[in-house]
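Visitor: This is start.txt, which holds compact mmCIF, C-alpha atoms:
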# COMPACT_ATOMS: atom_id res chain seq x y z
CA MET A 40 20.01 30.10 -0.55
CA LEU A 41 18.47 26.78 0.46
CA LYS A 42 18.01 25.75 4.07
CA LEU A 43 16.84 22.25 4.95
CA TYR A 44 15.19 21.66 8.31
CA ASN A 45 15.54 17.96 9.01
CA PHE A 46 17.11 15.32 11.23
CA PHE A 47 19.57 12.56 10.44
CA ARG A 48 17.02 9.95 11.51
CA ASN A 49 14.12 11.22 9.37
CA SER A 50 13.10 9.29 6.31
CA ALA A 51 11.35 12.11 4.45
CA GLY A 52 14.30 14.43 5.15
CA HIS A 53 16.64 11.72 3.85
CA ARG A 54 14.73 11.78 0.52
CA VAL A 55 15.21 15.53 0.15
CA ARG A 56 18.92 15.28 1.00
CA ILE A 57 19.36 12.71 -1.79
CA ALA A 58 17.56 15.00 -4.27
CA LEU A 59 19.69 18.02 -3.28
CA HIS A 60 22.93 16.04 -3.61
CA LEU A 61 21.88 14.48 -6.94
CA LYS A 62 21.26 17.98 -8.29
CA GLY A 63 24.50 19.24 -6.77
CA LEU A 64 22.74 22.03 -4.85
CA ASP A 65 24.36 23.58 -1.77
CA PHE A 66 22.14 23.86 1.29
CA GLU A 67 22.35 24.74 4.94
CA TYR A 68 21.55 21.78 7.20
CA VAL A 69 19.37 22.73 10.19
CA SER A 70 18.92 19.89 12.66
CA ILE A 71 15.53 19.55 14.41
CA ASP A 72 15.64 16.71 16.93
CA ILE A 73 12.17 15.20 16.49
CA ARG A 74 12.82 12.55 19.10
CA ALA A 75 13.27 15.32 21.67
CA GLY A 76 10.14 17.08 20.32
CA ARG A 77 12.06 20.15 19.03
CA GLN A 78 9.63 20.48 16.10
CA HIS A 79 7.01 21.68 18.60
CA GLU A 80 9.12 24.60 19.88
CA ALA A 81 8.15 28.16 18.97
CA ALA A 82 11.33 28.74 16.94
CA TYR A 83 10.46 25.96 14.53
CA GLN A 84 6.73 26.61 14.62
CA ALA A 85 7.52 30.04 13.17
CA VAL A 86 9.20 28.29 10.23
CA ASN A 87 6.60 25.57 9.73
CA PRO A 88 3.28 25.88 11.61
CA LEU A 89 2.64 22.22 10.80
CA MET A 90 5.56 21.31 13.09
CA LEU A 91 6.71 18.58 10.74
CA ILE A 92 10.04 18.01 9.06
CA PRO A 93 11.43 18.23 6.48
CA ALA A 94 10.87 21.80 5.38
CA LEU A 95 12.90 23.58 2.72
CA GLU A 96 13.40 27.32 3.02
CA HIS A 97 14.17 29.10 -0.25
CA ASP A 98 14.44 32.90 -0.42
CA GLY A 99 12.35 33.17 2.75
CA HIS A 100 9.58 30.85 1.53
CA VAL A 101 8.99 27.53 3.20
CA ILE A 102 8.01 24.40 1.28
CA THR A 103 6.83 21.24 2.99
CA GLN A 104 6.23 17.59 2.03
CA SER A 105 9.17 15.76 0.48
CA SER A 106 7.37 14.95 -2.78
CA ALA A 107 6.41 18.61 -3.31
CA ILE A 108 9.91 19.80 -2.39
CA ILE A 109 11.47 17.44 -4.93
CA GLU A 110 9.06 18.50 -7.73
CA TYR A 111 9.89 22.13 -6.84
CA LEU A 112 13.64 21.48 -7.11
CA GLU A 113 13.00 19.66 -10.39
CA GLU A 114 11.14 22.66 -11.86
CA LEU A 115 13.75 25.21 -10.72
CA HIS A 116 16.82 23.08 -11.52
CA PRO A 117 15.74 20.61 -14.21
CA ASP A 118 19.25 19.28 -14.86
CA PRO A 119 20.02 16.51 -13.92
CA SER A 120 16.40 15.38 -13.96
CA LEU A 121 14.97 13.31 -11.12
CA LEU A 122 12.24 11.93 -13.39
CA PRO A 123 12.45 9.64 -16.43
CA ALA A 124 12.00 11.34 -19.84
CA ASP A 125 9.11 9.15 -21.04
CA PRO A 126 5.62 10.13 -19.72
CA LEU A 127 4.66 6.54 -18.82
CA ALA A 128 7.95 5.95 -16.97
CA ARG A 129 7.49 9.31 -15.21
CA ALA A 130 4.05 8.16 -14.04
CA ARG A 131 5.46 4.83 -12.85
CA SER A 132 8.25 6.58 -10.98
CA ARG A 133 5.82 8.97 -9.26
CA ALA A 134 3.37 6.13 -8.46
CA PHE A 135 6.19 4.14 -6.86
CA ALA A 136 7.19 7.13 -4.70
CA ALA A 137 3.53 7.71 -3.76
CA THR A 138 3.18 4.06 -2.72
CA ILE A 139 6.12 4.46 -0.34
CA ALA A 140 4.79 7.73 1.07
CA ALA A 141 1.15 6.74 1.55
CA GLU A 142 1.22 2.97 1.97
CA LEU A 143 4.51 2.31 3.76
CA HIS A 144 5.97 5.35 5.48
CA ALA A 145 2.59 6.87 6.46
CA MET A 146 1.70 3.72 8.40
CA ASN A 147 4.99 3.34 10.25
CA ASN A 148 6.70 6.47 11.47
CA LEU A 149 7.50 7.97 14.85
CA ARG A 150 4.22 9.81 15.41
CA VAL A 151 2.03 6.87 14.37
CA HIS A 152 3.96 4.50 16.63
CA LYS A 153 3.62 6.94 19.53
CA PHE A 154 -0.15 7.06 18.96
CA LEU A 155 -0.53 3.27 18.68
CA ASP A 156 1.52 2.70 21.85
CA GLY A 157 0.14 5.62 23.85
CA GLU A 158 -3.46 6.58 23.04
CA LEU A 159 -4.50 3.14 21.76
CA GLY A 160 -2.42 1.15 24.24
CA LEU A 161 -1.28 -1.52 21.78
CA ASP A 162 1.12 -4.10 23.17
CA ALA A 163 4.43 -4.96 21.52
CA ALA A 164 3.01 -7.98 19.67
CA GLN A 165 0.13 -5.97 18.21
CA ARG A 166 2.43 -3.17 17.14
CA ASN A 167 4.74 -5.67 15.48
CA THR A 168 1.76 -7.21 13.63
CA TRP A 169 0.93 -3.72 12.34
CA PHE A 170 4.54 -3.03 11.35
CA GLN A 171 5.08 -6.33 9.55
CA HIS A 172 1.74 -6.23 7.76
CA TRP A 173 2.07 -2.83 6.05
CA ASN A 174 5.70 -3.31 5.19
CA LYS A 175 5.11 -6.76 3.66
CA VAL A 176 2.06 -5.61 1.68
CA GLY A 177 3.91 -2.47 0.62
CA PHE A 178 7.18 -4.11 -0.43
CA ALA A 179 5.28 -6.74 -2.40
CA ALA A 180 3.46 -3.91 -4.20
CA LEU A 181 6.75 -2.13 -4.95
CA GLU A 182 8.39 -5.30 -6.27
CA ALA A 183 5.31 -5.88 -8.50
CA GLN A 184 5.50 -2.32 -9.86
CA LEU A 185 9.15 -2.87 -10.78
CA ALA A 186 8.38 -6.24 -12.39
CA ALA A 187 5.66 -4.64 -14.56
CA ALA A 188 8.07 -2.07 -16.05
CA PRO A 189 10.95 -2.46 -18.52
CA LYS A 190 14.18 -3.28 -16.68
CA THR A 191 16.55 -0.34 -16.35
CA ARG A 192 19.70 0.37 -14.32
CA PHE A 193 17.72 2.13 -11.58
CA ALA A 194 14.01 1.72 -10.77
CA PHE A 195 12.44 3.22 -13.92
CA ALA A 196 15.35 4.79 -15.81
CA ASP A 197 19.08 4.48 -16.31
CA HIS A 198 19.54 7.35 -13.87
CA PRO A 199 18.09 7.78 -10.35
CA THR A 200 14.57 9.23 -10.16
CA VAL A 201 12.05 9.99 -7.41
CA ALA A 202 11.34 6.26 -7.19
CA ASP A 203 14.94 5.53 -6.14
CA ILE A 204 15.02 8.62 -3.91
CA PHE A 205 12.01 7.36 -1.94
CA LEU A 206 13.13 3.73 -1.96
CA VAL A 207 16.57 4.05 -0.39
CA PRO A 208 15.47 5.66 2.94
CA GLN A 209 12.70 3.05 3.28
CA VAL A 210 15.16 0.19 2.69
CA TYR A 211 17.60 1.84 5.12
CA ASN A 212 14.95 2.00 7.86
CA LEU A 213 13.90 -1.60 7.42
CA ARG A 214 17.45 -2.94 7.44
CA ARG A 215 17.97 -1.22 10.80
CA VAL A 216 15.19 -3.34 12.31
CA LYS A 217 16.36 -6.47 10.44
CA PHE A 218 13.22 -6.75 8.28
CA ASP A 219 13.76 -9.59 5.79
CA LEU A 220 14.29 -8.11 2.31
CA ALA A 221 15.14 -11.44 0.63
CA PRO A 222 11.65 -11.76 -0.97
CA TYR A 223 12.27 -8.49 -2.87
CA PRO A 224 15.40 -9.09 -4.96
CA ARG A 225 14.83 -6.31 -7.48
CA ILE A 226 14.48 -3.76 -4.68
CA VAL A 227 17.72 -4.98 -3.09
CA GLU A 228 19.48 -4.74 -6.46
CA ILE A 229 18.27 -1.17 -7.08
CA ALA A 230 19.17 -0.05 -3.56
CA ALA A 231 22.71 -1.38 -4.10
CA ALA A 232 23.03 0.51 -7.40
CA CYS A 233 21.95 3.72 -5.65
CA GLU A 234 24.20 3.25 -2.65
CA ALA A 235 27.23 3.09 -4.94
CA LEU A 236 26.62 6.74 -5.94
CA SER A 237 28.23 9.58 -3.98
CA ALA A 238 24.97 11.60 -3.80
CA PHE A 239 23.30 8.77 -1.91
CA GLN A 240 26.35 8.34 0.32
CA LYS A 241 26.42 12.06 1.19
CA ALA A 242 22.69 11.94 2.06
CA ALA A 243 22.93 8.89 4.34
CA PRO A 244 22.11 9.34 8.06
CA GLU A 245 25.70 8.47 9.05
CA ALA A 246 27.04 11.36 6.96
CA GLN A 247 24.93 14.07 8.62
CA PRO A 248 26.30 16.58 11.14
CA ASP A 249 23.75 15.59 13.83
CA TYR A 250 24.35 11.83 13.50
CA VAL A 251 24.78 9.96 16.76
CA GLU A 252 25.90 6.35 16.53
CA GLY A 253 23.53 3.71 17.87
CA GLN A 254 20.52 6.05 17.98
CA MET B 109 -8.83 5.82 -25.14
CA LEU B 110 -8.89 6.22 -21.36
CA LYS B 111 -10.44 3.63 -19.06
CA LEU B 112 -10.82 4.34 -15.33
CA TYR B 113 -11.11 1.42 -12.92
CA ASN B 114 -12.77 2.79 -9.84
CA PHE B 115 -15.84 2.73 -7.60
CA PHE B 116 -18.33 5.44 -6.73
CA ARG B 117 -17.38 5.15 -3.05
CA ASN B 118 -13.61 5.47 -3.51
CA SER B 119 -11.88 8.65 -2.51
CA ALA B 120 -8.77 8.29 -4.67
CA GLY B 121 -10.95 7.39 -7.67
CA HIS B 122 -13.08 10.44 -6.97
CA ARG B 123 -9.94 12.62 -7.31
CA VAL B 124 -9.13 11.19 -10.73
CA ARG B 125 -12.72 11.65 -11.91
CA ILE B 126 -12.55 15.34 -10.98
CA ALA B 127 -9.26 15.73 -12.89
CA LEU B 128 -10.66 14.00 -15.99
CA HIS B 129 -13.81 16.16 -15.95
CA LEU B 130 -11.83 19.39 -15.36
CA LYS B 131 -9.72 18.56 -18.41
CA GLY B 132 -12.81 17.58 -20.38
CA LEU B 133 -11.42 14.13 -21.21
CA ASP B 134 -13.76 11.29 -22.16
CA PHE B 135 -13.20 8.02 -20.33
CA GLU B 136 -14.79 4.63 -19.89
CA TYR B 137 -15.96 4.03 -16.31
CA VAL B 138 -15.22 0.51 -15.07
CA SER B 139 -16.75 -0.23 -11.67
CA ILE B 140 -14.77 -2.44 -9.27
CA ASP B 141 -16.80 -3.07 -6.12
CA ILE B 142 -14.08 -2.92 -3.46
CA ARG B 143 -16.58 -3.57 -0.67
CA ALA B 144 -17.34 -6.94 -2.27
CA GLY B 145 -13.60 -7.57 -2.74
CA ARG B 146 -13.77 -7.51 -6.57
CA GLN B 147 -10.31 -5.94 -6.76
CA HIS B 148 -8.88 -9.32 -5.70
CA GLU B 149 -10.44 -11.23 -8.60
CA ALA B 150 -8.23 -12.54 -11.39
CA ALA B 151 -9.83 -10.29 -14.03
CA TYR B 152 -8.75 -7.16 -12.18
CA GLN B 153 -5.46 -8.59 -10.99
CA ALA B 154 -4.52 -8.89 -14.68
CA VAL B 155 -5.08 -5.13 -15.01
CA ASN B 156 -3.42 -4.09 -11.76
CA PRO B 157 -1.38 -6.71 -9.86
CA LEU B 158 -1.48 -4.41 -6.82
CA MET B 159 -5.26 -5.03 -6.62
CA LEU B 160 -5.91 -1.39 -5.72
CA ILE B 161 -8.11 1.20 -7.35
CA PRO B 162 -8.06 3.60 -9.04
CA ALA B 163 -6.09 2.55 -12.10
CA LEU B 164 -6.10 4.42 -15.39
CA GLU B 165 -5.61 2.45 -18.59
CA HIS B 166 -4.29 4.44 -21.54
CA ASP B 167 -3.38 2.75 -24.84
CA GLY B 168 -2.99 -0.56 -23.01
CA HIS B 169 -0.72 0.84 -20.29
CA VAL B 170 -1.91 0.95 -16.68
CA ILE B 171 -1.08 3.82 -14.34
CA THR B 172 -1.74 3.68 -10.61
CA GLN B 173 -1.82 6.12 -7.67
CA SER B 174 -4.10 9.13 -8.05
CA SER B 175 -1.32 11.71 -7.69
CA ALA B 176 0.76 10.05 -10.43
CA ILE B 177 -2.30 9.67 -12.69
CA ILE B 178 -3.11 13.38 -12.35
CA GLU B 179 0.49 14.46 -13.09
CA TYR B 180 0.39 12.15 -16.14
CA LEU B 181 -2.83 13.74 -17.40
CA GLU B 182 -1.29 17.17 -16.76
CA GLU B 183 1.77 16.35 -18.87
CA LEU B 184 -0.25 14.88 -21.75
CA HIS B 185 -3.08 17.44 -21.69
CA PRO B 186 -1.63 20.59 -20.11
CA ASP B 187 -4.67 22.76 -20.82
CA PRO B 188 -6.50 23.58 -18.57
CA SER B 189 -3.74 23.17 -16.03
CA LEU B 190 -4.39 21.49 -12.69
CA LEU B 191 -1.44 23.27 -11.10
CA PRO B 192 -0.86 26.97 -10.37
CA ALA B 193 1.54 28.78 -12.73
CA ASP B 194 3.93 30.06 -10.04
CA PRO B 195 6.56 27.52 -8.79
CA LEU B 196 5.95 28.32 -5.11
CA ALA B 197 2.17 28.01 -5.48
CA ARG B 198 2.67 24.75 -7.41
CA ALA B 199 4.73 23.41 -4.49
CA ARG B 200 2.08 24.51 -2.00
CA SER B 201 -0.65 22.86 -4.06
CA ARG B 202 1.28 19.58 -4.31
CA ALA B 203 2.20 19.67 -0.60
CA PHE B 204 -1.45 20.13 0.31
CA ALA B 205 -2.46 17.15 -1.84
CA ALA B 206 0.37 15.06 -0.35
CA THR B 207 -0.83 15.94 3.17
CA ILE B 208 -4.28 14.61 2.32
CA ALA B 209 -2.90 11.45 0.72
CA ALA B 210 -0.32 10.53 3.36
CA GLU B 211 -1.61 12.10 6.57
CA LEU B 212 -5.39 11.87 6.24
CA HIS B 213 -6.56 9.34 3.68
CA ALA B 214 -3.74 6.84 4.30
CA MET B 215 -4.73 6.58 7.96
CA ASN B 216 -8.46 6.14 7.42
CA ASN B 217 -9.60 4.05 4.50
CA LEU B 218 -11.39 0.75 4.07
CA ARG B 219 -8.37 -1.54 4.25
CA VAL B 220 -6.86 0.20 7.30
CA HIS B 221 -10.18 0.05 9.14
CA LYS B 222 -10.51 -3.64 8.30
CA PHE B 223 -7.05 -4.27 9.72
CA LEU B 224 -7.65 -2.26 12.90
CA ASP B 225 -10.98 -4.00 13.53
CA GLY B 226 -9.91 -7.48 12.45
CA GLU B 227 -6.22 -8.29 13.03
CA LEU B 228 -5.72 -5.81 15.88
CA GLY B 229 -9.16 -6.29 17.43
CA LEU B 230 -9.75 -2.61 18.24
CA ASP B 231 -13.14 -1.82 19.75
CA ALA B 232 -15.45 0.89 18.38
CA ALA B 233 -14.23 3.53 20.87
CA GLN B 234 -10.55 2.92 20.03
CA ARG B 235 -11.25 3.04 16.32
CA ASN B 236 -13.13 6.31 16.74
CA THR B 237 -10.20 7.74 18.72
CA TRP B 238 -7.94 6.85 15.80
CA PHE B 239 -10.35 8.31 13.23
CA GLN B 240 -10.90 11.59 15.07
CA HIS B 241 -7.24 12.09 15.88
CA TRP B 242 -5.79 11.87 12.35
CA ASN B 243 -8.61 13.83 10.81
CA LYS B 244 -8.36 16.64 13.37
CA VAL B 245 -4.56 16.84 13.12
CA GLY B 246 -4.79 16.65 9.35
CA PHE B 247 -7.53 19.24 8.84
CA ALA B 248 -5.75 21.66 11.19
CA ALA B 249 -2.61 21.22 9.07
CA LEU B 250 -4.55 21.85 5.86
CA GLU B 251 -6.22 24.97 7.25
CA ALA B 252 -2.76 26.23 8.37
CA GLN B 253 -1.32 25.63 4.88
CA LEU B 254 -4.14 27.67 3.35
CA ALA B 255 -3.68 30.47 5.91
CA ALA B 256 0.05 30.68 5.10
CA ALA B 257 -0.58 31.29 1.37
CA PRO B 258 -2.00 34.31 -0.48
CA LYS B 259 -5.80 34.09 -0.63
CA THR B 260 -7.14 33.02 -4.02
CA ARG B 261 -10.52 31.88 -5.33
CA PHE B 262 -9.63 28.21 -4.93
CA ALA B 263 -6.97 26.72 -2.63
CA PHE B 264 -3.79 28.11 -4.23
CA ALA B 265 -4.95 29.69 -7.49
CA ASP B 266 -7.97 31.29 -9.10
CA HIS B 267 -8.67 27.97 -10.83
CA PRO B 268 -8.92 24.48 -9.30
CA THR B 269 -5.62 22.63 -8.84
CA VAL B 270 -4.55 19.29 -7.35
CA ALA B 271 -5.08 20.78 -3.89
CA ASP B 272 -8.81 21.28 -4.56
CA ILE B 273 -9.04 17.93 -6.36
CA PHE B 274 -7.73 16.11 -3.28
CA LEU B 275 -9.68 18.23 -0.82
CA VAL B 276 -13.22 17.74 -2.12
CA PRO B 277 -13.36 13.91 -1.78
CA GLN B 278 -11.89 14.16 1.73
CA VAL B 279 -14.50 16.75 2.76
CA TYR B 280 -17.21 14.61 1.14
CA ASN B 281 -16.17 11.54 3.16
CA LEU B 282 -16.09 13.40 6.45
CA ARG B 283 -19.46 15.06 5.91
CA ARG B 284 -20.95 11.58 5.44
CA VAL B 285 -19.89 10.64 8.95
CA LYS B 286 -20.88 14.05 10.36
CA PHE B 287 -17.33 15.08 11.26
CA ASP B 288 -17.44 18.70 12.48
CA LEU B 289 -15.90 20.97 9.83
CA ALA B 290 -16.78 24.25 11.59
CA PRO B 291 -13.19 24.76 12.89
CA TYR B 292 -11.94 24.85 9.27
CA PRO B 293 -13.80 27.75 7.61
CA ARG B 294 -11.39 28.28 4.70
CA ILE B 295 -11.67 24.59 3.76
CA VAL B 296 -15.46 24.80 3.84
CA GLU B 297 -15.35 27.93 1.66
CA ILE B 298 -13.05 26.31 -0.93
CA ALA B 299 -15.12 23.11 -1.03
CA ALA B 300 -18.23 25.20 -1.74
CA ALA B 301 -16.47 27.06 -4.59
CA CYS B 302 -15.47 23.71 -6.11
CA GLU B 303 -18.87 22.10 -5.72
CA ALA B 304 -20.43 24.90 -7.77
CA LEU B 305 -18.44 23.74 -10.82
CA SER B 306 -19.91 21.16 -13.20
CA ALA B 307 -16.68 19.11 -13.32
CA PHE B 308 -16.90 18.50 -9.58
CA GLN B 309 -20.62 17.73 -9.85
CA LYS B 310 -20.03 15.18 -12.63
CA ALA B 311 -17.33 13.49 -10.53
CA ALA B 312 -19.42 13.20 -7.34
CA PRO B 313 -20.29 9.71 -6.05
CA GLU B 314 -24.03 10.33 -6.64
CA ALA B 315 -23.39 10.97 -10.35
CA GLN B 316 -21.60 7.66 -11.01
CA PRO B 317 -23.23 4.73 -12.84
CA ASP B 318 -22.57 2.30 -9.95
CA TYR B 319 -23.97 4.61 -7.25
CA VAL B 320 -26.36 2.99 -4.78
CA GLU B 321 -28.19 5.29 -2.40
CA GLY B 322 -27.54 4.86 1.31
CA GLN B 323 -24.40 2.75 0.79
Would you mind giving the structure from this file in structure tokens?

Guide:
Amino acid sequence: MLKLYNFFRNSAGHRVRIALHLKGLDFEYVSIDIRAGRQHEAAYQAVNPLMLIPALEHDGHVITQSSAIIEYLEELHPDPSLLPADPLARARSRAFAATIAAELHAMNNLRVHKFLDGELGLDAAQRNTWFQHWNKVGFAALEAQLAAAPKTRFAFADHPTVADIFLVPQVYNLRRVKFDLAPYPRIVEIAAACEALSAFQKAAPEAQPDYVEGQ
Amino acid sequence: MLKLYNFFRNSAGHRVRIALHLKGLDFEYVSIDIRAGRQHEAAYQAVNPLMLIPALEHDGHVITQSSAIIEYLEELHPDPSLLPADPLARARSRAFAATIAAELHAMNNLRVHKFLDGELGLDAAQRNTWFQHWNKVGFAALEAQLAAAPKTRFAFADHPTVADIFLVPQVYNLRRVKFDLAPYPRIVEIAAACEALSAFQKAAPEAQPDYVEGQ
């Protein structure tokens, strides 16, 4: 039995939901409201001492970090694969996902924003400079990675892979804050191809049991 | 033929060097002085349009992102493996590496420091607050991940895996700035076990052809 600790408004959790739905795996959805700080409560700390979501519980074992969770699901349930078949395309797909994790999402998430606003006392203009900078640099890098690879239906294959799984939540987050995606046409095209699939629709924030409109 | 674009003082490049030496693979070392901005020159931009190091060139194809490069090497040259054999231990090893990449190294590297100092105008005290915070939170998380797993000779197996490969450069960087590692005894123990191996010694900054003492 799989149990996913996550929150509708959590980008890394969104990635894991997409992977689970693409593989057609049933899972129990456990909502941890990170905006209310529920990840710091003793009940969740017993599950994941790191007090971060998402975490996947499988047969009593807890796995953290979305990229590691997805590789784990891939090894246990290889069909349908969430990686391209060709080694070079696999590397490109993993590199693209790693760019999103370490160069986009790492720089702009709830706990980083809290630290910039609180401990460092950045004003709104400075925080926006930070936000715009890393997203623009990052999206340009992603668009360049796509341009350097053979064109396929999804990012690096004719089926969705980890690259697409990491891309869609990032695009979703940036659309919410009206970040201009026009300079990245290939990304917009791939996101649209993904969003037409039921697995991506089932994994969307709006489709989760803890979704609250306007939050 | 493998060609590694990197720099002696580059943490992500250091990871790939360890992986190459552990697998006993020959490679050409191409030095790109990122402190002098050489990654922005046209010659390197033709290799990697993202203008980041490391990049591994294999048969004319370029692969980026240290985690993707190491998985690529693992798939092409599976022996000796850089992952544990057990699926759960593999997931723990990858999660540990992802924590270092996205929650420690992403927050404190040359280009982030340049942005904090330059565009955001942080003073030395603010920048140190930032540095200490993410490294303390991150190292505590790493130590907790190790404590939650069965004890082995290296991080998650009796041989070095991606967890150890990502850990050693991070420990190296923090020792240079005299960050206090005493609260993380298991990390210190694992780093020492790694540093006794010739592959880790060959990959160290001091052993690289572009090494300059005191820089």

Visitor: Check which residues of chain A sit at most 7 Å from chain B using all atoms listed in the file, and return one row each with the closest pair of atoms and their distance in Å to one decimal, ordered by chain and rising number, as a Markdown table.

Guide:
| residue | atom | partner | partner_atom | distance |
| --- | --- | --- | --- | --- |
| A:Pro88 | CA | B:Ala252 | CA | 6.9 |
| A:Leu89 | CA | B:Ala249 | CA | 5.6 |
| A:Ile102 | CA | B:Ala199 | CA | 6.7 |
| A:Thr103 | CA | B:Ala203 | CA | 6.1 |
| A:Gln104 | CA | B:Ala203 | CA | 5.2 |
| A:Ala107 | CA | B:Ala203 | CA | 5.1 |
| A:Ile108 | CA | B:Ala199 | CA | 6.7 |
| A:Tyr111 | CA | B:Ala199 | CA | 5.8 |
| A:Pro126 | CA | B:Tyr180 | CA | 6.7 |
| A:Ala130 | CA | B:Ala176 | CA | 5.2 |
| A:Arg131 | CA | B:Ile171 | CA | 6.8 |
| A:Arg133 | CA | B:Ala176 | CA | 5.3 |
| A:Ala134 | CA | B:Ala176 | CA | 5.1 |
| A:Ala137 | CA | B:Gln173 | CA | 6.8 |
| A:Ala140 | CA | B:Ala210 | CA | 6.3 |
| A:Ala141 | CA | B:Ala210 | CA | 4.4 |
| A:Glu142 | CA | B:Ala214 | CA | 6.7 |
| A:Ala145 | CA | B:Ala210 | CA | 5.6 |
| A:Leu159 | CA | B:Gln234 | CA | 6.3 |
| A:Gln165 | CA | B:Leu228 | CA | 6.3 |
| A:Ala180 | CA | B:Leu158 | CA | 5.6 |
| A:Ala183 | CA | B:Pro157 | CA | 6.9 |

Visitor: Counting only C-alpha atoms, what is within 9 Å of Asn114 in chain B, bar same-chain residues fewer than 5 positions away, as a PyMOL selection string?

Guide: chain B and resi 120-122+137-142+161-164

Visitor: So that I can see what lies close to Val276 in chain B, please list as a PyMOL selection string the residues with an atom at most 12 Å from it, counting only C-alpha atoms and leaving out residues fewer than 2 positions away in the same chain.

Guide: chain B and resi 119-127+205+208+262-263+268-274+278-283+295-305+307-309+311-313

Visitor: Taking all atoms of range 154-170 of chain B that the file lists and extending 3 Å past them on each side, where is the centre of the axis-aligned box and how long are its edges? Answer in Å to one decimal, as lines of an AutoDock Vina configuration file.

Guide:
center_x = -4.4
center_y = -2.2
center_z = -15.3
size_x = 13.4
size_y = 19.3
size_z = 25.1

Visitor: Work out how far apart CA of Leu289 in chain B and CA of Pro277 in chain B are and give it in Å to one decimal.

Guide: 13.8 Å

Visitor: Grab the CA of Ala186 in chain A to CA of Glu182 in chain B distance for me, in Å with one decimal place.

Guide: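 Straight-line distance from CA of Ala186 in chain A to CA of Glu182 in chain B works out to 25.7 Å.
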